[in-house]
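Structure file upload-v1.cif; described as mmCIF, N, CA, C and O atoms.
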data_start
loop_
_atom_site.group_PDB
_atom_site.id
_atom_site.type_symbol
_atom_site.label_atom_id
_atom_site.label_comp_id
_atom_site.auth_asym_id
_atom_site.auth_seq_id
_atom_site.Cartn_x
_atom_site.Cartn_y
_atom_site.Cartn_z
ATOM 1 N N PHE A 286 8.942 -15.391 1.009
ATOM 2 C CA PHE A 286 8.551 -14.751 -0.224
ATOM 3 C C PHE A 286 8.971 -13.282 -0.214
ATOM 4 O O PHE A 286 9.082 -12.682 0.847
ATOM 5 N N LEU A 287 9.153 -12.749 -1.382
ATOM 6 C CA LEU A 287 9.495 -11.343 -1.538
ATOM 7 C C LEU A 287 8.462 -10.662 -2.417
ATOM 8 O O LEU A 287 7.833 -11.301 -3.267
ATOM 9 N N LYS A 288 8.283 -9.370 -2.221
ATOM 10 C CA LYS A 288 7.425 -8.606 -3.122
ATOM 11 C C LYS A 288 8.007 -8.701 -4.517
ATOM 12 O O LYS A 288 9.215 -8.671 -4.648
ATOM 13 N N PRO A 289 7.223 -8.854 -5.526
ATOM 14 C CA PRO A 289 5.766 -8.779 -5.611
ATOM 15 C C PRO A 289 5.049 -10.127 -5.616
ATOM 16 O O PRO A 289 3.939 -10.228 -6.127
ATOM 17 N N HIS A 290 5.638 -11.154 -5.059
ATOM 18 C CA HIS A 290 4.968 -12.461 -5.017
ATOM 19 C C HIS A 290 3.645 -12.328 -4.250
ATOM 20 O O HIS A 290 3.618 -11.796 -3.145
ATOM 21 N N PRO A 291 2.546 -12.807 -4.823
ATOM 22 C CA PRO A 291 1.240 -12.661 -4.176
ATOM 23 C C PRO A 291 1.170 -13.235 -2.762
ATOM 24 O O PRO A 291 0.409 -12.743 -1.934
ATOM 25 N N ALA A 292 1.965 -14.244 -2.462
ATOM 26 C CA ALA A 292 1.900 -14.867 -1.133
ATOM 27 C C ALA A 292 2.271 -13.890 -0.020
ATOM 28 O O ALA A 292 1.743 -13.987 1.090
ATOM 29 N N ILE A 293 3.158 -12.941 -0.301
ATOM 30 C CA ILE A 293 3.536 -11.994 0.747
ATOM 31 C C ILE A 293 2.369 -11.069 1.073
ATOM 32 O O ILE A 293 2.124 -10.733 2.233
ATOM 33 N N TYR A 294 1.619 -10.670 0.056
ATOM 34 C CA TYR A 294 0.454 -9.819 0.290
ATOM 35 C C TYR A 294 -0.641 -10.611 1.012
ATOM 36 O O TYR A 294 -1.298 -10.092 1.921
ATOM 37 N N GLN A 295 -0.839 -11.856 0.610
ATOM 38 C CA GLN A 295 -1.843 -12.699 1.256
ATOM 39 C C GLN A 295 -1.507 -12.910 2.727
ATOM 40 O O GLN A 295 -2.373 -12.822 3.585
ATOM 41 N N ARG A 296 -0.255 -13.157 3.028
ATOM 42 C CA ARG A 296 0.160 -13.369 4.425
ATOM 43 C C ARG A 296 -0.059 -12.106 5.247
ATOM 44 O O ARG A 296 -0.515 -12.179 6.391
ATOM 45 N N ALA A 297 0.256 -10.964 4.680
ATOM 46 C CA ALA A 297 0.032 -9.697 5.391
ATOM 47 C C ALA A 297 -1.445 -9.526 5.731
ATOM 48 O O ALA A 297 -1.792 -9.134 6.850
ATOM 49 N N LEU A 298 -2.318 -9.845 4.775
ATOM 50 C CA LEU A 298 -3.753 -9.732 5.022
ATOM 51 C C LEU A 298 -4.213 -10.695 6.111
ATOM 52 O O LEU A 298 -5.059 -10.348 6.939
ATOM 53 N N GLU A 299 -3.664 -11.889 6.113
ATOM 54 C CA GLU A 299 -4.012 -12.855 7.152
ATOM 55 C C GLU A 299 -3.590 -12.336 8.524
ATOM 56 O O GLU A 299 -4.309 -12.498 9.510
ATOM 57 N N MET A 300 -2.444 -11.700 8.579
ATOM 58 C CA MET A 300 -1.931 -11.197 9.855
ATOM 59 C C MET A 300 -2.759 -10.025 10.386
ATOM 60 O O MET A 300 -2.988 -9.933 11.594
ATOM 61 N N ILE A 301 -3.205 -9.147 9.505
ATOM 62 C CA ILE A 301 -3.945 -7.978 9.977
ATOM 63 C C ILE A 301 -5.459 -8.177 9.948
ATOM 64 O O ILE A 301 -6.197 -7.348 10.468
ATOM 65 N N ARG A 302 -5.899 -9.269 9.342
ATOM 66 C CA ARG A 302 -7.316 -9.640 9.306
ATOM 67 C C ARG A 302 -8.202 -8.542 8.724
ATOM 68 O O ARG A 302 -9.221 -8.171 9.295
ATOM 69 N N LEU A 303 -7.769 -8.032 7.576
ATOM 70 C CA LEU A 303 -8.530 -7.025 6.850
ATOM 71 C C LEU A 303 -8.635 -7.429 5.389
ATOM 72 O O LEU A 303 -7.741 -8.086 4.870
ATOM 73 N N PRO A 304 -9.700 -6.990 4.721
ATOM 74 C CA PRO A 304 -9.760 -7.224 3.280
ATOM 75 C C PRO A 304 -8.774 -6.304 2.563
ATOM 76 O O PRO A 304 -8.459 -5.209 3.048
ATOM 77 N N ALA A 305 -8.307 -6.729 1.422
ATOM 78 C CA ALA A 305 -7.324 -5.956 0.664
ATOM 79 C C ALA A 305 -7.821 -4.542 0.376
ATOM 80 O O ALA A 305 -7.043 -3.586 0.404
ATOM 81 N N SER A 306 -9.102 -4.394 0.138
ATOM 82 C CA SER A 306 -9.650 -3.080 -0.200
ATOM 83 C C SER A 306 -9.568 -2.082 0.952
ATOM 84 O O SER A 306 -9.690 -0.879 0.739
ATOM 85 N N ASP A 307 -9.334 -2.558 2.168
ATOM 86 C CA ASP A 307 -9.193 -1.683 3.340
ATOM 87 C C ASP A 307 -7.747 -1.288 3.609
ATOM 88 O O ASP A 307 -7.470 -0.574 4.573
ATOM 89 N N VAL A 308 -6.831 -1.763 2.786
ATOM 90 C CA VAL A 308 -5.409 -1.534 3.011
ATOM 91 C C VAL A 308 -4.879 -0.483 2.044
ATOM 92 O O VAL A 308 -5.143 -0.549 0.848
ATOM 93 N N LEU A 309 -4.115 0.461 2.584
ATOM 94 C CA LEU A 309 -3.396 1.426 1.755
ATOM 95 C C LEU A 309 -1.940 0.978 1.712
ATOM 96 O O LEU A 309 -1.266 0.951 2.724
ATOM 97 N N TYR A 310 -1.494 0.622 0.527
ATOM 98 C CA TYR A 310 -0.131 0.149 0.317
ATOM 99 C C TYR A 310 0.683 1.290 -0.282
ATOM 100 O O TYR A 310 0.327 1.844 -1.320
ATOM 101 N N ILE A 311 1.772 1.649 0.379
ATOM 102 C CA ILE A 311 2.628 2.751 -0.059
ATOM 103 C C ILE A 311 3.998 2.190 -0.399
ATOM 104 O O ILE A 311 4.597 1.468 0.401
ATOM 105 N N ASP A 312 4.489 2.533 -1.576
ATOM 106 C CA ASP A 312 5.822 2.089 -2.006
ATOM 107 C C ASP A 312 6.334 3.097 -3.019
ATOM 108 O O ASP A 312 5.563 3.851 -3.594
ATOM 109 N N ASP A 313 7.636 3.090 -3.223
ATOM 110 C CA ASP A 313 8.202 4.016 -4.210
ATOM 111 C C ASP A 313 8.440 3.344 -5.561
ATOM 112 O O ASP A 313 8.765 4.018 -6.527
ATOM 113 N N ARG A 314 8.267 2.053 -5.632
ATOM 114 C CA ARG A 314 8.501 1.331 -6.887
ATOM 115 C C ARG A 314 7.190 1.080 -7.610
ATOM 116 O O ARG A 314 6.258 0.486 -7.060
ATOM 117 N N SER A 315 7.129 1.524 -8.863
ATOM 118 C CA SER A 315 5.887 1.389 -9.626
ATOM 119 C C SER A 315 5.496 -0.071 -9.862
ATOM 120 O O SER A 315 4.308 -0.390 -9.889
ATOM 121 N N ASP A 316 6.465 -0.970 -10.020
ATOM 122 C CA ASP A 316 6.124 -2.378 -10.229
ATOM 123 C C ASP A 316 5.460 -2.980 -8.994
ATOM 124 O O ASP A 316 4.529 -3.775 -9.103
ATOM 125 N N LEU A 317 5.913 -2.571 -7.823
ATOM 126 C CA LEU A 317 5.309 -3.090 -6.595
ATOM 127 C C LEU A 317 3.955 -2.458 -6.334
ATOM 128 O O LEU A 317 3.038 -3.120 -5.835
ATOM 129 N N ILE A 318 3.804 -1.191 -6.703
ATOM 130 C CA ILE A 318 2.505 -0.535 -6.596
ATOM 131 C C ILE A 318 1.492 -1.253 -7.488
ATOM 132 O O ILE A 318 0.360 -1.516 -7.088
ATOM 133 N N GLU A 319 1.904 -1.584 -8.698
ATOM 134 C CA GLU A 319 0.999 -2.288 -9.610
ATOM 135 C C GLU A 319 0.633 -3.661 -9.066
ATOM 136 O O GLU A 319 -0.528 -4.092 -9.168
ATOM 137 N N ALA A 320 1.576 -4.367 -8.481
ATOM 138 C CA ALA A 320 1.278 -5.672 -7.881
ATOM 139 C C ALA A 320 0.274 -5.518 -6.744
ATOM 140 O O ALA A 320 -0.669 -6.309 -6.629
ATOM 141 N N GLY A 321 0.456 -4.504 -5.912
ATOM 142 C CA GLY A 321 -0.494 -4.246 -4.828
ATOM 143 C C GLY A 321 -1.873 -3.901 -5.359
ATOM 144 O O GLY A 321 -2.886 -4.362 -4.836
ATOM 145 N N ARG A 322 -1.918 -3.088 -6.409
ATOM 146 C CA ARG A 322 -3.201 -2.713 -7.023
ATOM 147 C C ARG A 322 -3.902 -3.965 -7.560
ATOM 148 O O ARG A 322 -5.099 -4.154 -7.362
ATOM 149 N N GLN A 323 -3.157 -4.837 -8.232
ATOM 150 C CA GLN A 323 -3.743 -6.064 -8.769
ATOM 151 C C GLN A 323 -4.237 -6.986 -7.661
ATOM 152 O O GLN A 323 -5.182 -7.747 -7.856
ATOM 153 N N PHE A 324 -3.616 -6.884 -6.494
ATOM 154 C CA PHE A 324 -4.047 -7.708 -5.363
ATOM 155 C C PHE A 324 -5.293 -7.129 -4.699
ATOM 156 O O PHE A 324 -5.943 -7.790 -3.909
ATOM 157 N N GLY A 325 -5.610 -5.883 -5.011
ATOM 158 C CA GLY A 325 -6.820 -5.272 -4.475
ATOM 159 C C GLY A 325 -6.591 -4.177 -3.456
ATOM 160 O O GLY A 325 -7.545 -3.624 -2.906
ATOM 161 N N PHE A 326 -5.328 -3.866 -3.171
ATOM 162 C CA PHE A 326 -5.022 -2.799 -2.225
ATOM 163 C C PHE A 326 -5.321 -1.434 -2.832
ATOM 164 O O PHE A 326 -5.223 -1.236 -4.046
ATOM 165 N N GLN A 327 -5.621 -0.471 -1.980
ATOM 166 C CA GLN A 327 -5.526 0.924 -2.352
ATOM 167 C C GLN A 327 -4.024 1.206 -2.386
ATOM 168 O O GLN A 327 -3.286 0.658 -1.562
ATOM 169 N N VAL A 328 -3.567 2.021 -3.297
ATOM 170 C CA VAL A 328 -2.114 2.220 -3.409
ATOM 171 C C VAL A 328 -1.752 3.693 -3.531
ATOM 172 O O VAL A 328 -2.553 4.528 -3.957
ATOM 173 N N HIS A 329 -0.534 3.977 -3.134
ATOM 174 C CA HIS A 329 0.063 5.303 -3.323
ATOM 175 C C HIS A 329 1.525 5.094 -3.671
ATOM 176 O O HIS A 329 2.249 4.423 -2.929
ATOM 177 N N ARG A 330 1.936 5.669 -4.792
ATOM 178 C CA ARG A 330 3.361 5.612 -5.153
ATOM 179 C C ARG A 330 4.054 6.802 -4.513
ATOM 180 O O ARG A 330 3.785 7.958 -4.838
ATOM 181 N N PHE A 331 4.955 6.507 -3.586
ATOM 182 C CA PHE A 331 5.658 7.560 -2.858
ATOM 183 C C PHE A 331 6.683 8.233 -3.756
ATOM 184 O O PHE A 331 7.518 7.568 -4.374
ATOM 185 N N THR A 332 6.595 9.557 -3.817
ATOM 186 C CA THR A 332 7.596 10.347 -4.525
ATOM 187 C C THR A 332 8.204 11.387 -3.603
ATOM 188 O O THR A 332 9.380 11.664 -3.696
ATOM 189 N N ASP A 333 7.375 11.950 -2.727
ATOM 190 C CA ASP A 333 7.884 12.911 -1.749
ATOM 191 C C ASP A 333 6.868 13.060 -0.619
ATOM 192 O O ASP A 333 5.695 12.730 -0.785
ATOM 193 N N PRO A 334 7.323 13.533 0.531
ATOM 194 C CA PRO A 334 6.426 13.617 1.690
ATOM 195 C C PRO A 334 5.192 14.494 1.465
ATOM 196 O O PRO A 334 4.103 14.150 1.921
ATOM 197 N N ALA A 335 5.342 15.604 0.760
ATOM 198 C CA ALA A 335 4.206 16.502 0.542
ATOM 199 C C ALA A 335 3.121 15.817 -0.284
ATOM 200 O O ALA A 335 1.921 15.972 0.000
ATOM 201 N N ASP A 336 3.515 15.061 -1.302
ATOM 202 C CA ASP A 336 2.555 14.336 -2.132
ATOM 203 C C ASP A 336 1.832 13.269 -1.317
ATOM 204 O O ASP A 336 0.615 13.096 -1.434
ATOM 205 N N LEU A 337 2.569 12.556 -0.485
ATOM 206 C CA LEU A 337 1.948 11.542 0.373
ATOM 207 C C LEU A 337 0.970 12.190 1.335
ATOM 208 O O LEU A 337 -0.156 11.717 1.501
ATOM 209 N N ARG A 338 1.378 13.278 1.960
ATOM 210 C CA ARG A 338 0.494 13.976 2.900
ATOM 211 C C ARG A 338 -0.804 14.394 2.200
ATOM 212 O O ARG A 338 -1.893 14.194 2.741
ATOM 213 N N ALA A 339 -0.692 14.951 1.002
ATOM 214 C CA ALA A 339 -1.877 15.382 0.257
ATOM 215 C C ALA A 339 -2.790 14.194 -0.049
ATOM 216 O O ALA A 339 -4.019 14.296 0.085
ATOM 217 N N ASP A 340 -2.215 13.076 -0.451
ATOM 218 C CA ASP A 340 -3.022 11.887 -0.748
ATOM 219 C C ASP A 340 -3.705 11.371 0.513
ATOM 220 O O ASP A 340 -4.887 11.021 0.479
ATOM 221 N N LEU A 341 -2.988 11.342 1.606
ATOM 222 C CA LEU A 341 -3.587 10.886 2.861
ATOM 223 C C LEU A 341 -4.737 11.797 3.272
ATOM 224 O O LEU A 341 -5.796 11.315 3.689
ATOM 225 N N GLU A 342 -4.547 13.097 3.164
ATOM 226 C CA GLU A 342 -5.613 14.050 3.499
ATOM 227 C C GLU A 342 -6.831 13.825 2.612
ATOM 228 O O GLU A 342 -7.966 13.867 3.091
ATOM 229 N N THR A 343 -6.608 13.570 1.315
ATOM 230 C CA THR A 343 -7.702 13.295 0.394
ATOM 231 C C THR A 343 -8.482 12.065 0.828
ATOM 232 O O THR A 343 -9.701 11.996 0.668
ATOM 233 N N ARG A 344 -7.787 11.113 1.406
ATOM 234 C CA ARG A 344 -8.420 9.872 1.873
ATOM 235 C C ARG A 344 -9.053 10.025 3.258
ATOM 236 O O ARG A 344 -9.587 9.070 3.816
ATOM 237 N N GLY A 345 -8.931 11.225 3.849
ATOM 238 C CA GLY A 345 -9.496 11.456 5.170
ATOM 239 C C GLY A 345 -8.582 11.035 6.303
ATOM 240 O O GLY A 345 -9.023 10.909 7.444
ATOM 241 N N ILE A 346 -7.317 10.809 5.977
ATOM 242 C CA ILE A 346 -6.326 10.440 6.999
ATOM 243 C C ILE A 346 -5.538 11.698 7.323
ATOM 244 O O ILE A 346 -4.821 12.223 6.487
ATOM 245 N N HIS A 347 -5.687 12.191 8.521
ATOM 246 C CA HIS A 347 -5.067 13.450 8.915
ATOM 247 C C HIS A 347 -3.700 13.182 9.541
ATOM 248 O O HIS A 347 -3.595 12.373 10.468
ATOM 249 N N VAL A 348 -2.712 13.854 9.022
ATOM 250 C CA VAL A 348 -1.325 13.672 9.464
ATOM 251 C C VAL A 348 -0.982 14.797 10.438
ATOM 252 O O VAL A 348 -1.166 15.970 10.133
ATOM 253 N N ILE A 349 -0.471 14.426 11.579
ATOM 254 C CA ILE A 349 -0.012 15.400 12.569
ATOM 255 C C ILE A 349 1.501 15.454 12.495
ATOM 256 O O ILE A 349 2.178 14.430 12.583
ATOM 257 N N SER A 350 2.029 16.658 12.335
ATOM 258 C CA SER A 350 3.500 16.755 12.256
ATOM 259 C C SER A 350 4.081 17.333 13.506
ATOM 260 O O SER A 350 3.463 17.790 14.374
#
Let me see the file written as structure tokens.
Amino acid sequence: FLKPHPAIYQRALEMIRLPASDVLYIDDRSDLIEAGRQFGFQVHRFTDPADLRADLETRGIHVIS
């Protein structure tokens, strides 16, 4: 399967044994971000490293460079 087919997201969850709400899905394509959001993932649309870093910090994920 390929993104955005729901089976690929389901398989990923089975492999990591986490609920979708515990997953942060990062992609640069808005259609794939929307598919992840509909599946229940937390999402971030990547546009640039500084924006991603800021979002991660907001979520309490500290990035070490």
### Task
Pick out the residues sitting within 8 Å of Tyr310 of chain A, and hand them over as number ranges by chain; count only N, CA, C and O atoms, and ignore anything fewer than 5 positions along from it in its own chain.
A: 305, 317-318, 321-322, 326-331
For the residues selected in the previous step, produce a file with N, CA, C and O atoms as a PDB file, in the frame of the given file.
ATOM      1  N   ALA A 305      -8.307  -6.729   1.422  1.00  0.00           N
ATOM      2  CA  ALA A 305      -7.324  -5.956   0.664  1.00  0.00           C
ATOM      3  C   ALA A 305      -7.821  -4.542   0.376  1.00  0.00           C
ATOM      4  O   ALA A 305      -7.043  -3.586   0.404  1.00  0.00           O
ATOM      5  N   LEU A 317       5.913  -2.571  -7.823  1.00  0.00           N
ATOM      6  CA  LEU A 317       5.309  -3.090  -6.595  1.00  0.00           C
ATOM      7  C   LEU A 317       3.955  -2.458  -6.334  1.00  0.00           C
ATOM      8  O   LEU A 317       3.038  -3.120  -5.835  1.00  0.00           O
ATOM      9  N   ILE A 318       3.804  -1.191  -6.703  1.00  0.00           N
ATOM     10  CA  ILE A 318       2.505  -0.535  -6.596  1.00  0.00           C
ATOM     11  C   ILE A 318       1.492  -1.253  -7.488  1.00  0.00           C
ATOM     12  O   ILE A 318       0.360  -1.516  -7.088  1.00  0.00           O
ATOM     13  N   GLY A 321       0.456  -4.504  -5.912  1.00  0.00           N
ATOM     14  CA  GLY A 321      -0.494  -4.246  -4.828  1.00  0.00           C
ATOM     15  C   GLY A 321      -1.873  -3.901  -5.359  1.00  0.00           C
ATOM     16  O   GLY A 321      -2.886  -4.362  -4.836  1.00  0.00           O
ATOM     17  N   ARG A 322      -1.918  -3.088  -6.409  1.00  0.00           N
ATOM     18  CA  ARG A 322      -3.201  -2.713  -7.023  1.00  0.00           C
ATOM     19  C   ARG A 322      -3.902  -3.965  -7.560  1.00  0.00           C
ATOM     20  O   ARG A 322      -5.099  -4.154  -7.362  1.00  0.00           O
ATOM     21  N   PHE A 326      -5.328  -3.866  -3.171  1.00  0.00           N
ATOM     22  CA  PHE A 326      -5.022  -2.799  -2.225  1.00  0.00           C
ATOM     23  C   PHE A 326      -5.321  -1.434  -2.832  1.00  0.00           C
ATOM     24  O   PHE A 326      -5.223  -1.236  -4.046  1.00  0.00           O
ATOM     25  N   GLN A 327      -5.621  -0.471  -1.980  1.00  0.00           N
ATOM     26  CA  GLN A 327      -5.526   0.924  -2.352  1.00  0.00           C
ATOM     27  C   GLN A 327      -4.024   1.206  -2.386  1.00  0.00           C
ATOM     28  O   GLN A 327      -3.286   0.658  -1.562  1.00  0.00           O
ATOM     29  N   VAL A 328      -3.567   2.021  -3.297  1.00  0.00           N
ATOM     30  CA  VAL A 328      -2.114   2.220  -3.409  1.00  0.00           C
ATOM     31  C   VAL A 328      -1.752   3.693  -3.531  1.00  0.00           C
ATOM     32  O   VAL A 328      -2.553   4.528  -3.957  1.00  0.00           O
ATOM     33  N   HIS A 329      -0.534   3.977  -3.134  1.00  0.00           N
ATOM     34  CA  HIS A 329       0.063   5.303  -3.323  1.00  0.00           C
ATOM     35  C   HIS A 329       1.525   5.094  -3.671  1.00  0.00           C
ATOM     36  O   HIS A 329       2.249   4.423  -2.929  1.00  0.00           O
ATOM     37  N   ARG A 330       1.936   5.669  -4.792  1.00  0.00           N
ATOM     38  CA  ARG A 330       3.361   5.612  -5.153  1.00  0.00           C
ATOM     39  C   ARG A 330       4.054   6.802  -4.513  1.00  0.00           C
ATOM     40  O   ARG A 330       3.785   7.958  -4.838  1.00  0.00           O
ATOM     41  N   PHE A 331       4.955   6.507  -3.586  1.00  0.00           N
ATOM     42  CA  PHE A 331       5.658   7.560  -2.858  1.00  0.00           C
ATOM     43  C   PHE A 331       6.683   8.233  -3.756  1.00  0.00           C
ATOM     44  O   PHE A 331       7.518   7.568  -4.374  1.00  0.00           O
TER      45      PHE A 331
END
### Task
May I have the residues within 10 Å of Pro304 of chain A as a PyMOL selection string, using only C-alpha atoms and disregarding those fewer than 6 positions away in the same chain?
chain A and resi 295+298+325-326
What would the file look like if the residues just selected were written as a tab-separated table (two decimals), keeping the file's coordinate frame with N, CA, C and O atoms?
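Output file selection.tsv follows:
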chain	number	residue	atom	x	y	z
A	295	GLN	N	-0.84	-11.86	0.61
A	295	GLN	CA	-1.84	-12.70	1.26
A	295	GLN	C	-1.51	-12.91	2.73
A	295	GLN	O	-2.37	-12.82	3.58
A	298	LEU	N	-2.32	-9.85	4.78
A	298	LEU	CA	-3.75	-9.73	5.02
A	298	LEU	C	-4.21	-10.70	6.11
A	298	LEU	O	-5.06	-10.35	6.94
A	325	GLY	N	-5.61	-5.88	-5.01
A	325	GLY	CA	-6.82	-5.27	-4.47
A	325	GLY	C	-6.59	-4.18	-3.46
A	325	GLY	O	-7.54	-3.62	-2.91
A	326	PHE	N	-5.33	-3.87	-3.17
A	326	PHE	CA	-5.02	-2.80	-2.22
A	326	PHE	C	-5.32	-1.43	-2.83
A	326	PHE	O	-5.22	-1.24	-4.05
### Message
One decimal, in Å: what's the spacing between atom C of Ala335 of chain A and atom C of Val348 of chain A?
### Response
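Spanning atom C of Ala335 of chain A to atom C of Val348 of chain A is a straight-line distance of 11.5 Å.
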### d(atom CA of Leu303 of chain A, atom N of Ala339 of chain A) in Å
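Atom-to-atom, atom CA of Leu303 of chain A to atom N of Ala339 of chain A, that is 24.1 Å.
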### Task
Using DSSP on the backbone coordinates, identify the residues of segment 297-339 of chain A assigned to alpha helix (DSSP H); present them as a ChimeraX atom specification.
/A:297-301,315-324,334-339
Produce the centre coordinates and the three edge lengths, each in Å to one decimal, of the box along x, y and z that contains all listed atoms of segment 292-306 of chain A with 6 Å added on each side, as lines of an AutoDock Vina configuration file.
center_x = -3.1
center_y = -7.9
center_z = 4.6
size_x = 25.3
size_y = 26.0
size_z = 26.1
### Task
Could you give me, as a PyMOL selection string, each residue of chain A that DSSP assigns to strand (DSSP E) when run on this structure's backbone?
chain A and resi 309-312+327-330
### Between atom CA of Ala292 of chain A and atom CA of Gln323 of chain A, distance in Å (one decimal)
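According to the coordinates, atom CA of Ala292 of chain A and atom CA of Gln323 of chain A are separated by 12.9 Å.
Using all atoms listed in the file, the nearest neighbour of Phe324 of chain A within the list A:Arg302, A:Tyr294, A:Leu287, A:Arg338 is A:Tyr294.
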### Task
Point out the residue among A:Glu319, A:Asp336, A:Asp312, A:Asp307 with the least atom-to-atom distance to Pro289 of chain A, counting only N, CA, C and O atoms.
A:Glu319
### Message
I need the residue nearest Leu341 of chain A from this list: A:Met300, A:Ile311, A:Ile293, A:Ala320. Use only C-alpha atoms for the distance.
### Response
A:Ile311
